[in-house]
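This is my_file-v3.txt. It holds compact mmCIF, C-alpha atoms.
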```txt
# COMPACT_ATOMS: atom_id res chain seq x y z
CA MET I 1 -2.79 -25.01 3.15
CA GLU I 2 0.57 -25.82 1.57
CA THR I 3 2.22 -22.70 0.16
CA LYS I 4 4.69 -23.01 -2.70
CA VAL I 5 7.51 -20.46 -2.91
CA PHE I 6 9.02 -19.34 -6.21
CA LYS I 7 12.17 -17.20 -6.21
CA ILE I 8 12.39 -15.06 -9.35
CA ASN I 9 14.86 -12.32 -10.24
CA PRO I 10 12.78 -9.45 -11.67
CA ASP I 11 15.78 -8.28 -13.67
CA ASN I 12 16.21 -11.65 -15.38
CA ILE I 13 12.93 -13.31 -16.26
CA ASP I 14 14.48 -16.20 -18.18
CA GLY I 15 13.15 -19.59 -19.24
CA THR I 16 13.13 -21.00 -15.69
CA ALA I 17 11.29 -17.94 -14.41
CA ILE I 18 8.68 -18.23 -17.16
CA VAL I 19 8.04 -21.86 -16.17
CA GLN I 20 7.55 -20.77 -12.55
CA LEU I 21 5.31 -17.89 -13.56
CA ARG I 22 3.20 -20.21 -15.72
CA GLU I 23 2.64 -22.43 -12.69
CA CYS I 24 1.57 -19.37 -10.69
CA ALA I 25 -0.67 -18.23 -13.55
CA ASP I 26 -2.30 -21.67 -13.58
CA ILE I 27 -3.02 -21.28 -9.86
CA ILE I 28 -4.72 -17.95 -10.59
CA LYS I 29 -6.77 -19.48 -13.42
CA ARG I 30 -7.86 -22.36 -11.15
CA GLY I 31 -9.16 -19.91 -8.54
CA GLY I 32 -6.15 -19.95 -6.21
CA LEU I 33 -4.25 -17.19 -4.43
CA VAL I 34 -0.75 -15.96 -5.36
CA CYS I 35 1.31 -13.29 -3.59
CA MET I 36 3.27 -11.25 -6.12
CA PRO I 37 5.73 -8.35 -5.93
CA THR I 38 4.82 -5.02 -7.47
CA GLU I 39 6.78 -1.77 -7.58
CA THR I 40 4.75 -0.47 -4.60
CA VAL I 41 4.22 -3.35 -2.14
CA TYR I 42 3.55 -7.07 -2.44
CA GLY I 43 0.00 -7.95 -3.51
CA LEU I 44 -2.24 -10.91 -2.65
CA GLY I 45 -3.80 -11.78 -5.99
CA ALA I 46 -6.74 -13.75 -7.40
CA ASN I 47 -8.66 -13.88 -10.68
CA ALA I 48 -10.66 -10.64 -10.66
CA TYR I 49 -13.47 -12.33 -12.63
CA ASP I 50 -13.91 -15.15 -10.08
CA PRO I 51 -16.06 -14.09 -7.08
CA VAL I 52 -15.19 -17.21 -5.07
CA ALA I 53 -11.45 -16.69 -5.55
CA VAL I 54 -11.78 -13.02 -4.63
CA SER I 55 -13.76 -13.93 -1.50
CA ASN I 56 -10.81 -16.09 -0.45
CA ILE I 57 -8.58 -12.99 -0.49
CA PHE I 58 -10.70 -11.51 2.28
CA LYS I 59 -10.51 -14.75 4.27
CA ALA I 60 -6.73 -15.01 3.90
CA LYS I 61 -6.19 -11.44 5.06
CA GLY I 62 -8.98 -11.22 7.63
CA ARG I 63 -10.11 -8.17 5.64
CA PRO I 64 -13.58 -6.59 5.97
CA SER I 65 -15.68 -7.36 2.88
CA ASP I 66 -16.70 -3.71 2.41
CA ASN I 67 -13.08 -2.72 1.78
CA PRO I 68 -12.76 -2.74 -2.05
CA LEU I 69 -9.88 -4.26 -3.97
CA ILE I 70 -7.75 -2.90 -6.80
CA VAL I 71 -7.79 -4.71 -10.15
CA HIS I 72 -4.40 -5.04 -11.84
CA ILE I 73 -4.07 -5.22 -15.64
CA CYS I 74 -1.24 -5.69 -18.13
CA ASN I 75 -2.70 -3.99 -21.22
CA TYR I 76 -5.44 -1.66 -22.40
CA ASP I 77 -7.50 -4.54 -23.83
CA MET I 78 -8.19 -5.62 -20.24
CA LEU I 79 -9.09 -2.05 -19.31
CA GLU I 80 -11.75 -1.96 -22.01
CA LEU I 81 -13.39 -5.04 -20.50
CA ILE I 82 -13.35 -3.65 -16.97
CA VAL I 83 -14.33 0.02 -17.39
CA LYS I 84 -17.50 1.22 -19.12
CA ASP I 85 -16.83 2.25 -22.69
CA SER I 86 -18.82 5.48 -22.38
CA PHE I 87 -16.47 6.59 -19.61
CA LEU I 88 -13.33 5.63 -21.51
CA GLN I 89 -14.56 7.66 -24.47
CA GLU I 90 -14.35 10.81 -22.33
CA GLY I 91 -10.57 10.49 -22.56
CA LYS I 92 -9.65 11.44 -19.00
CA MET I 93 -8.55 7.95 -17.99
CA THR I 94 -6.54 7.43 -21.16
CA ALA I 95 -4.76 10.77 -20.78
CA LEU I 96 -3.71 9.90 -17.25
CA GLY I 97 -2.80 6.35 -18.26
CA ASP I 98 -0.61 7.60 -21.08
CA ARG I 99 1.33 9.67 -18.55
CA PHE I 100 1.52 7.38 -15.51
CA TRP I 101 0.95 3.79 -16.66
CA PRO I 102 2.54 1.36 -16.21
CA GLY I 103 3.20 2.70 -12.72
CA PRO I 104 1.99 3.34 -9.17
CA LEU I 105 -1.35 5.01 -9.99
CA THR I 106 -4.78 3.49 -9.36
CA MET I 107 -7.77 5.14 -11.03
CA ILE I 108 -11.35 4.69 -9.88
CA ALA I 109 -13.84 4.46 -12.74
CA PRO I 110 -17.34 3.06 -13.46
CA LYS I 111 -17.08 -0.71 -13.78
CA THR I 112 -18.68 -3.14 -16.18
CA SER I 113 -20.71 -6.14 -15.02
CA ILE I 114 -17.76 -8.47 -15.65
CA ILE I 115 -16.24 -7.31 -12.34
CA PRO I 116 -18.06 -9.07 -9.47
CA ALA I 117 -19.58 -7.02 -6.65
CA VAL I 118 -17.22 -8.65 -4.14
CA VAL I 119 -14.28 -6.88 -5.82
CA SER I 120 -15.78 -3.40 -5.46
CA GLY I 121 -17.58 -3.79 -2.13
CA GLY I 122 -20.87 -3.61 -4.01
CA LEU I 123 -20.09 -0.22 -5.57
CA ASP I 124 -20.57 0.52 -9.26
CA THR I 125 -16.96 1.71 -9.50
CA VAL I 126 -13.64 -0.13 -9.48
CA GLY I 127 -10.02 0.82 -8.88
CA VAL I 128 -7.72 -0.17 -11.76
CA ARG I 129 -3.92 -0.19 -11.88
CA TYR I 130 -1.39 -1.13 -14.56
CA PRO I 131 1.75 -2.06 -12.57
CA CYS I 132 5.23 -1.67 -14.04
CA HIS I 133 6.89 -4.47 -12.05
CA PRO I 134 8.12 -7.11 -14.56
CA ILE I 135 6.96 -10.05 -12.41
CA ALA I 136 3.47 -8.67 -11.83
CA SER I 137 3.11 -7.78 -15.50
CA ALA I 138 4.26 -11.21 -16.66
CA LEU I 139 1.99 -13.02 -14.21
CA ILE I 140 -1.11 -11.10 -15.32
CA LYS I 141 -0.24 -11.66 -18.97
CA LEU I 142 0.29 -15.40 -18.53
CA ALA I 143 -2.90 -15.75 -16.47
CA GLY I 144 -4.83 -13.96 -19.20
CA VAL I 145 -7.12 -12.31 -16.63
CA PRO I 146 -6.87 -9.17 -14.52
CA ILE I 147 -5.75 -9.84 -10.96
CA ALA I 148 -7.57 -8.36 -7.98
CA ALA I 149 -5.02 -7.72 -5.25
CA PRO I 150 -4.78 -5.85 -1.97
CA SER I 151 -1.48 -5.77 -0.08
CA ALA I 152 -0.27 -9.23 0.97
CA ASN I 153 -0.43 -8.72 4.73
CA LEU I 154 -2.84 -9.60 7.51
CA SER I 155 -5.48 -6.88 7.65
CA GLY I 156 -4.37 -3.79 9.58
CA LYS I 157 -0.66 -4.70 9.77
CA PRO I 158 2.15 -2.85 7.97
CA SER I 159 2.18 -3.59 4.26
CA PRO I 160 4.85 -6.04 3.00
CA THR I 161 7.72 -4.67 0.96
CA CYS I 162 9.89 -7.81 0.88
CA PHE I 163 9.44 -11.58 0.75
CA GLU I 164 10.09 -12.09 4.47
CA HIS I 165 7.14 -9.83 5.37
CA VAL I 166 4.83 -11.81 3.08
CA LYS I 167 6.08 -15.13 4.39
CA ASP I 168 5.45 -14.04 7.99
CA ASP I 169 1.80 -13.17 7.26
CA MET I 170 0.72 -15.41 4.39
CA MET I 171 2.56 -18.72 4.59
CA GLY I 172 -0.11 -21.42 4.90
CA ARG I 173 -2.88 -19.02 3.87
CA VAL I 174 -2.22 -18.86 0.11
CA ASP I 175 -1.29 -21.26 -2.67
CA ALA I 176 1.95 -19.56 -3.73
CA ILE I 177 4.31 -16.70 -2.92
CA ILE I 178 6.67 -15.23 -5.50
CA ASP I 179 9.89 -13.97 -3.92
CA GLY I 180 10.87 -11.10 -6.19
CA GLY I 181 13.08 -9.16 -3.78
CA ASP I 182 12.37 -5.75 -2.29
CA CYS I 183 9.72 -3.38 -3.64
CA ARG I 184 11.14 -0.19 -5.11
CA VAL I 185 8.53 2.39 -4.02
CA GLY I 186 7.54 0.98 -0.63
CA VAL I 187 4.08 2.55 -0.20
CA GLU I 188 0.85 1.63 -1.95
CA SER I 189 -0.26 3.27 -5.17
CA THR I 190 -1.86 6.68 -5.40
CA VAL I 191 -5.64 6.25 -5.66
CA LEU I 192 -7.28 8.84 -7.89
CA ASP I 193 -11.07 9.06 -8.17
CA ILE I 194 -11.86 10.33 -11.67
CA THR I 195 -15.61 9.67 -11.61
CA GLY I 196 -16.51 13.23 -10.60
CA SER I 197 -16.02 16.55 -12.34
CA VAL I 198 -12.85 17.15 -10.31
CA PRO I 199 -10.26 14.32 -10.00
CA ASN I 200 -9.68 13.62 -6.30
CA ILE I 201 -6.70 11.83 -4.75
CA LEU I 202 -8.22 9.60 -2.05
CA ARG I 203 -4.93 7.97 -1.06
CA PRO I 204 -1.60 9.69 -1.73
CA GLY I 205 1.27 7.73 -3.23
CA ALA I 206 4.32 8.07 -5.46
CA VAL I 207 2.25 9.85 -8.13
CA THR I 208 1.71 13.19 -6.40
CA LEU I 209 -0.98 15.84 -6.67
CA ALA I 210 1.44 18.00 -8.65
CA ASP I 211 1.98 15.09 -11.05
CA VAL I 212 -1.76 14.69 -11.60
CA LYS I 213 -2.23 18.44 -12.05
CA SER I 214 0.36 18.36 -14.82
CA VAL I 215 -2.21 16.34 -16.80
CA ILE I 216 -5.52 17.62 -15.43
CA GLU I 217 -5.59 21.08 -13.87
CA GLY I 218 -7.85 21.61 -10.88
CA SER I 219 -7.29 18.17 -9.36
CA VAL I 220 -7.51 18.00 -5.56
CA GLU I 221 -6.43 15.78 -2.68
CA ALA I 222 -8.71 14.46 0.07
CA ASP I 223 -7.95 15.40 3.67
CA TRP I 224 -6.30 12.22 4.91
CA HIS I 225 -6.02 13.67 8.43
CA LEU I 226 -9.67 12.73 8.98
CA ALA I 227 -9.72 9.89 11.49
CA HIS I 228 -11.31 7.34 9.19
CA GLY I 229 -11.88 9.26 5.97
CA ILE I 230 -15.59 8.49 5.52
CA ASP I 231 -18.77 7.79 7.44
CA ALA I 232 -18.63 4.36 9.08
CA SER I 233 -21.90 3.33 7.43
CA LYS I 234 -20.58 3.90 3.90
CA VAL I 235 -18.49 1.68 1.65
CA PRO I 236 -15.20 3.41 0.81
CA LYS I 237 -14.25 3.91 -2.83
CA SER I 238 -10.61 3.25 -2.03
CA PRO I 239 -8.62 0.93 0.25
CA GLY I 240 -7.00 2.66 3.21
CA LEU I 241 -9.85 5.04 4.05
CA LYS I 242 -12.19 3.42 6.52
CA TYR I 243 -10.16 1.26 8.88
CA LYS I 244 -6.97 1.52 10.88
CA HIS I 245 -4.20 0.46 8.53
CA TYR I 246 -0.48 -0.23 8.43
CA ALA I 247 -0.29 -0.53 12.25
CA PRO I 248 2.52 -2.19 14.21
CA ASP I 249 1.66 -4.18 17.33
CA ALA I 250 2.72 -1.42 19.75
CA PRO I 251 0.88 1.91 20.04
CA LEU I 252 2.53 4.54 17.86
CA TYR I 253 2.74 8.27 18.63
CA ILE I 254 3.76 10.96 16.13
CA PHE I 255 5.51 14.06 17.50
CA THR I 256 5.41 17.29 15.53
CA ALA I 257 6.74 20.83 15.99
CA THR I 258 7.73 23.64 13.65
CA ASP I 259 11.11 23.72 15.40
CA CYS I 260 12.99 20.43 14.97
CA GLN I 261 14.83 20.79 18.28
CA ILE I 262 11.54 21.18 20.15
CA MET I 263 10.31 17.98 18.49
CA VAL I 264 13.49 16.12 19.41
CA GLN I 265 13.32 17.36 23.00
CA GLY I 266 9.68 16.29 23.28
CA ILE I 267 10.50 12.81 22.00
CA CYS I 268 13.42 12.49 24.44
CA GLU I 269 11.10 13.42 27.32
CA LYS I 270 8.51 10.89 26.12
CA ILE I 271 11.19 8.18 26.01
CA ILE I 272 12.10 8.81 29.65
CA GLU I 273 8.43 8.92 30.65
CA GLU I 274 7.76 5.52 29.10
CA LYS I 275 10.99 4.01 30.41
CA ASN I 276 9.96 5.06 33.92
CA LYS I 277 6.86 2.89 33.40
CA LYS I 278 9.21 -0.05 32.68
CA LEU I 279 8.18 -0.05 29.00
CA SER I 280 10.54 -0.59 26.09
CA VAL I 281 10.59 2.22 23.53
CA GLY I 282 11.28 2.31 19.81
CA VAL I 283 11.86 5.55 17.89
CA LEU I 284 11.33 6.15 14.19
CA ALA I 285 13.70 8.92 13.15
CA THR I 286 15.72 10.42 10.32
CA ASP I 287 19.47 9.96 9.91
CA GLU I 288 20.08 13.49 11.10
CA ASN I 289 18.32 12.98 14.46
CA ARG I 290 18.73 9.32 15.34
CA ASP I 291 21.73 9.85 17.64
CA TYR I 292 19.64 12.10 19.92
CA TYR I 293 17.58 9.14 21.12
CA LYS I 294 20.22 7.15 22.99
CA ASP I 295 17.82 6.37 25.86
CA ALA I 296 15.47 4.46 23.53
CA ASP I 297 15.69 0.68 23.36
CA MET I 298 15.60 0.73 19.57
CA VAL I 299 15.98 3.43 16.94
CA GLN I 300 15.05 2.87 13.29
CA SER I 301 15.97 5.42 10.63
CA VAL I 302 13.93 5.99 7.48
CA GLY I 303 16.92 7.71 5.85
CA SER I 304 17.92 11.28 5.18
CA GLY I 305 15.41 13.90 6.28
CA THR I 306 15.51 15.43 2.81
CA ASN I 307 14.73 12.26 0.83
CA SER I 308 11.05 11.28 0.88
CA MET I 309 11.64 8.35 -1.49
CA GLU I 310 13.96 6.82 1.11
CA HIS I 311 11.25 7.32 3.74
CA ALA I 312 8.68 5.54 1.56
CA ALA I 313 10.97 2.59 0.85
CA ALA I 314 11.92 2.16 4.52
CA LEU I 315 8.72 2.92 6.44
CA PHE I 316 6.97 -0.46 6.57
CA THR I 317 10.22 -2.36 7.07
CA CYS I 318 10.99 -0.18 10.09
CA LEU I 319 7.53 -0.75 11.58
CA ARG I 320 7.88 -4.49 11.14
CA ARG I 321 11.29 -4.44 12.84
CA PHE I 322 9.68 -2.83 15.88
CA ASP I 323 7.20 -5.74 15.91
CA GLU I 324 10.04 -8.25 15.68
CA ALA I 325 11.82 -6.58 18.61
CA GLY I 326 8.62 -6.52 20.68
CA VAL I 327 8.87 -2.91 21.83
CA ASP I 328 5.99 -1.64 23.99
CA VAL I 329 5.73 1.89 22.58
CA ILE I 330 6.80 3.50 19.29
CA ILE I 331 7.49 7.22 18.91
CA ALA I 332 7.84 8.71 15.43
CA GLU I 333 9.12 12.01 14.15
CA MET I 334 6.82 13.97 11.87
CA LEU I 335 8.46 13.64 8.46
CA PRO I 336 8.58 16.31 5.73
CA GLN I 337 5.53 16.23 3.46
CA THR I 338 7.32 17.22 0.27
CA GLY I 339 7.32 14.89 -2.74
CA VAL I 340 6.20 11.42 -1.71
CA GLY I 341 6.32 12.59 1.91
CA ASP I 342 2.58 13.22 1.85
CA ALA I 343 2.02 9.52 1.16
CA VAL I 344 4.48 8.50 3.88
CA MET I 345 2.74 10.65 6.49
CA ASN I 346 -0.65 9.34 5.35
CA ARG I 347 0.50 5.79 6.18
CA LEU I 348 2.18 6.84 9.41
CA TYR I 349 -0.87 8.79 10.57
CA ARG I 350 -3.16 5.83 10.00
CA ALA I 351 -0.68 3.48 11.69
CA ALA I 352 -0.84 5.77 14.71
CA ALA I 353 -4.67 5.80 14.61
CA GLY I 354 -4.50 9.59 14.90
CA ARG I 355 -2.18 9.77 17.93
CA VAL I 356 -0.36 13.02 17.10
CA ILE I 357 1.41 15.06 19.79
CA LYS I 358 1.66 18.69 18.69
CA LEU I 359 4.30 20.59 20.64
CA ASP I 360 3.55 24.08 19.31
```
Could you render the structure from this file as structure tokens?
Amino acid sequence: METKVFKINPDNIDGTAIVQLRECADIIKRGGLVCMPTETVYGLGANAYDPVAVSNIFKAKGRPSDNPLIVHICNYDMLELIVKDSFLQEGKMTALGDRFWPGPLTMIAPKTSIIPAVVSGGLDTVGVRYPCHPIASALIKLAGVPIAAPSANLSGKPSPTCFEHVKDDMMGRVDAIIDGGDCRVGVESTVLDITGSVPNILRPGAVTLADVKSVIEGSVEADWHLAHGIDASKVPKSPGLKYKHYAPDAPLYIFTATDCQIMVQGICEKIIEEKNKKLSVGVLATDENRDYYKDADMVQSVGSGTNSMEHAAALFTCLRRFDEAGVDVIIAEMLPQTGVGDAVMNRLYRAAAGRVIKLD
């Protein structure tokens, strides 16, 4: 498949950009696939109303068909077509939307019949998000239909946060890629299940549990330390629960200790152990600790240890750089779980497939 590339400055969507976006919108309307930037990560989008187009998303990614997709909207008129009116009348979704939309929050709600079963993995619920990225918003508006979109990467690999990542995975697999620069947040949206009596965060993101509780008291967060989140025989309500996700090519180990120096010492010993096996080693560290790992073949920093937003923005880029370098083993520091740090560790834990070395 020939893939067209459109370079658009999200801060200056001028006449030329509108012409390019209209061409991309026409591709969506014809049943094609377009990779678009959002504030979280790049998405691989198709017309959410078109089951054939949506099926092609799964083919392009190599994604299991029981892994549901998120539907992206650009206004509340679309929401009213997608989500059952009786549920909207309860007011919970609107209250949360008024606070966090447009933005990096996906809400799971009962779907109408207009959303094909292929979008939701056969469930009677659907995840809906109203992104705030100007390119994504303009594309959805010009297409005139909601866009179903998972992350624009091959299934299981680190999510793409810049054009180069998307190009590496999706060139020749999709009709068009919009190069809109780097994504601001860097991890996927928070997924909040609001179908039960207690809102439940199934996948942490930039909208934190504390944020949600500021709107709806009593909200909870699922235990993302569970190896795969749900029973293997069940269809997950949210992406990122059932399968290994976000993984680099090399096996990844997370080291944790209450004492930072014990963690650093353990990582240094692991580096030597792997080097003695003639293996190349990459280390994922913070700025404060990176100089301790001089014996490693490659050290990537996610930023200051006190800034979880930096960690989120850098994580997937760092993992992809390890792939590009071809290291044999990756060792990661346990990062602070304050702020967006919970979301970062969720992604890192799943990338490691549960390989956590606890030193105390």
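In terms of minimum interatomic distance to I:Phe6, I:Ala176 ranks closest within I:Leu44, I:Ala176, I:Val327, I:Ala109, counting all atoms listed in the file.
With only C-alpha atoms taken into account, the protein and nucleic acid residues at most 10 Å from I:Asp179 (excluding it and anything under 6 positions from it in its own chain) are Val5, Phe6, Lys7, Ile8, Asn9, Pro10, Cys35, Met36, Pro37, Tyr42, Ile135, Cys162, Phe163, Glu164, Val166 and Lys167 of chain I.
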Taking only C-alpha atoms into account, produce a table as JSON lines in which each residue of stretch 161-185 of chain I with an atom at most 8 Å from an atom of stretch 58-78 of chain I appears once, together with its shortest atom pair and the distance in Å to one decimal, ordered by chain and rising number.
```
{"residue": "I:Met170", "atom": "CA", "partner": "I:Ala60", "partner_atom": "CA", "distance": 7.5}
{"residue": "I:Arg173", "atom": "CA", "partner": "I:Ala60", "partner_atom": "CA", "distance": 5.6}
{"residue": "I:Val174", "atom": "CA", "partner": "I:Ala60", "partner_atom": "CA", "distance": 7.0}
```
| message | Just checking: using only C-alpha atoms, which residue out of I:Thr317, I:Asn56, I:Ser86, I:Ser189 ends up closest to I:Val34? | response | I:Asn56
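Distances here use only C-alpha atoms; by that measure, the residue among I:Ser280, I:Ser120, I:Thr94, I:Asn153 closest to I:Pro51 is I:Ser120.
Residue neighbourhood of I:Pro116, excluding near-sequence residues (fewer than 2 positions): Asn47, Ala48, Tyr49, Asp50, Pro51, Val52, Ala53, Val54, Ser55, Pro68, Leu69, Val71, Ile82, Lys111, Thr112, Ser113, Ile114, Val118, Val119, Ser120, Gly121, Gly122, Leu123, Asp124, Thr125, Val126 and Ala148 of chain I, at 12 Å, using all atoms listed in the file.
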| remark: The residue from I:Gly181, I:Pro158, I:Gly15, I:Gly97 with the smallest atom-to-atom distance to I:His133, counting only C-alpha atoms, is I:Gly181
| task | In Å, rounded to a single decimal, give me how far atom CA of I:Trp101 is from atom CA of I:Arg30. | result | 28.1 Å
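Picture a line from atom CA of I:Gly339 to atom CA of I:Met309; it runs 7.9 Å.
Distance check against I:Ile331 using all atoms listed in the file: of I:Pro110, I:Pro248, I:Gly305, I:Gly196, the minimum falls on I:Pro248.
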| request: Determine, counting all atoms listed in the file, which protein, DNA and RNA residues have an atom within 12 Å of an atom of stretch 288-304 of chain I; residues of the same chain fewer than 4 positions away are not included. Present the result as a PyMOL selection string. | output: chain I and resi 186+260-261+263-276+278-284+308-336+341+344+348
| field | Atomic separation - atom CA of I:Gly205 relative to atom CA of I:Val340, Å | value | 6.3 Å
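Proximity to I:Ala138 was assessed for I:Met1, I:Arg22, I:Thr286, I:Ser159 counting all atoms listed in the file; the smallest distance is recorded for I:Arg22.
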| Can you tell me, as a PyMOL selection string, which residues sit within 6 Å of (2.0, -3.9, -15.9) in the file's frame, using only C-alpha atoms? | chain I and resi 74+102+130-132+137
